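**Student:** Can you read through this structure? Questions will come right after.
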Amino acid sequence: MLVELSDGRLLGIPLAWYPRLLQATPKQRADVWLSPSGLHWEEIDEDISVAGLIAGRGDMTKRPATAA
């Protein structure tokens, strides 16, 4: 997925980072709306913040187990 920011930066994001987007149909992926904080796909219940994209964070719903 390519995301162009208002400052002109172009971010290339692997869909594999977001399993719901990866499994969505092209039509579902195209049904995105933008807010000041990020990208939202209501039908597939996916929300991605711009800050997370810039930081290179993938899906945060499945956090890895912490080591003891």
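Going through the structure tokens in order, the chains are called A, B, and so on, while each chain numbers its residues from 1 and the ligands are numbered from 1 in the order shown.
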Check the DSSP output for the backbone and give back, as a VMD selection string, the residues of chain A in strand (DSSP E).
**Tutor:** chain A and resid 2 to 4 10 to 12 33 to 35 38 to 41 46 to 49
**Student:** Please provide as a VMD selection string all residues within 12 Å of A:Glu4, with the sequence filter that same-chain residues fewer than 5 positions apart are discarded (counting only C-alpha atoms).
**Tutor:** chain A and resid 9 to 13 34 38 to 39 50 53 to 54
**Student:** Let me see the file: selected residues, N, CA and C atoms, as an mmCIF file, in the first residue's frame.
**Tutor:**
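Output contents, as saved in out.cif:
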data_model
loop_
_atom_site.group_PDB
_atom_site.id
_atom_site.type_symbol
_atom_site.label_atom_id
_atom_site.label_comp_id
_atom_site.auth_asym_id
_atom_site.auth_seq_id
_atom_site.Cartn_x
_atom_site.Cartn_y
_atom_site.Cartn_z
ATOM 1 N N ARG A 9 5.888 13.244 1.420
ATOM 2 C CA ARG A 9 6.524 11.931 1.603
ATOM 3 C C ARG A 9 5.594 10.833 1.110
ATOM 4 N N LEU A 10 6.200 9.814 0.524
ATOM 5 C CA LEU A 10 5.459 8.658 0.033
ATOM 6 C C LEU A 10 5.923 7.442 0.830
ATOM 7 N N LEU A 11 4.988 6.813 1.535
ATOM 8 C CA LEU A 11 5.315 5.648 2.351
ATOM 9 C C LEU A 11 4.819 4.387 1.668
ATOM 10 N N GLY A 12 5.693 3.412 1.530
ATOM 11 C CA GLY A 12 5.325 2.099 1.020
ATOM 12 C C GLY A 12 5.149 1.162 2.205
ATOM 13 N N ILE A 13 3.929 0.663 2.400
ATOM 14 C CA ILE A 13 3.599 -0.147 3.568
ATOM 15 C C ILE A 13 3.201 -1.548 3.109
ATOM 16 N N LEU A 34 -10.312 9.171 5.324
ATOM 17 C CA LEU A 34 -9.185 9.813 5.991
ATOM 18 C C LEU A 34 -9.679 10.742 7.083
ATOM 19 N N GLY A 38 -5.550 9.539 10.772
ATOM 20 C CA GLY A 38 -5.172 8.339 10.054
ATOM 21 C C GLY A 38 -6.159 7.865 9.012
ATOM 22 N N LEU A 39 -6.039 6.575 8.711
ATOM 23 C CA LEU A 39 -6.847 5.903 7.695
ATOM 24 C C LEU A 39 -7.810 4.947 8.388
ATOM 25 N N VAL A 50 -1.484 7.774 11.264
ATOM 26 C CA VAL A 50 -0.354 8.300 10.489
ATOM 27 C C VAL A 50 0.925 8.155 11.308
ATOM 28 N N LEU A 53 2.207 4.693 10.967
ATOM 29 C CA LEU A 53 2.822 4.455 9.656
ATOM 30 C C LEU A 53 4.228 5.029 9.613
ATOM 31 N N ILE A 54 4.377 6.255 10.087
ATOM 32 C CA ILE A 54 5.693 6.908 10.062
ATOM 33 C C ILE A 54 6.683 6.148 10.938
#
**Student:** Do a neighbour search on A:Ile44 at 9 Å with only C-alpha atoms, toss out local chain neighbours closer than 4 positions, and write the hits as a list in words.
**Tutor:** Arg20, Leu21, Ala24, Gln28 and Arg29 of chain A
**Student:** Hey, can you spit out that residue selection with N, CA, C and O atoms as an mmCIF file, in the first residue's frame?
**Tutor:**
data_model
loop_
_atom_site.group_PDB
_atom_site.id
_atom_site.type_symbol
_atom_site.label_atom_id
_atom_site.label_comp_id
_atom_site.auth_asym_id
_atom_site.auth_seq_id
_atom_site.Cartn_x
_atom_site.Cartn_y
_atom_site.Cartn_z
ATOM 1 N N ARG A 20 -5.923 -7.723 8.341
ATOM 2 C CA ARG A 20 -7.295 -7.457 7.879
ATOM 3 C C ARG A 20 -7.274 -6.805 6.498
ATOM 4 O O ARG A 20 -8.119 -7.108 5.651
ATOM 5 N N LEU A 21 -6.315 -5.922 6.251
ATOM 6 C CA LEU A 21 -6.202 -5.333 4.918
ATOM 7 C C LEU A 21 -5.741 -6.359 3.897
ATOM 8 O O LEU A 21 -6.221 -6.381 2.763
ATOM 9 N N ALA A 24 -8.651 -8.449 2.944
ATOM 10 C CA ALA A 24 -9.801 -7.716 2.397
ATOM 11 C C ALA A 24 -9.797 -7.784 0.867
ATOM 12 O O ALA A 24 -8.758 -7.976 0.240
ATOM 13 N N GLN A 28 -13.049 -3.558 -0.700
ATOM 14 C CA GLN A 28 -13.016 -3.192 0.713
ATOM 15 C C GLN A 28 -11.819 -2.291 1.026
ATOM 16 O O GLN A 28 -11.948 -1.337 1.788
ATOM 17 N N ARG A 29 -10.666 -2.594 0.437
ATOM 18 C CA ARG A 29 -9.488 -1.750 0.672
ATOM 19 C C ARG A 29 -9.679 -0.357 0.100
ATOM 20 O O ARG A 29 -9.183 0.621 0.651
#
**Student:** Can you work out which one of A:Arg57, A:Met1, A:Ala51, A:Glu46 has the shortest atom-to-atom distance to A:Pro19, counting only C-alpha atoms?
**Tutor:**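 For A:Pro19, the nearest of the given residues is A:Glu46.
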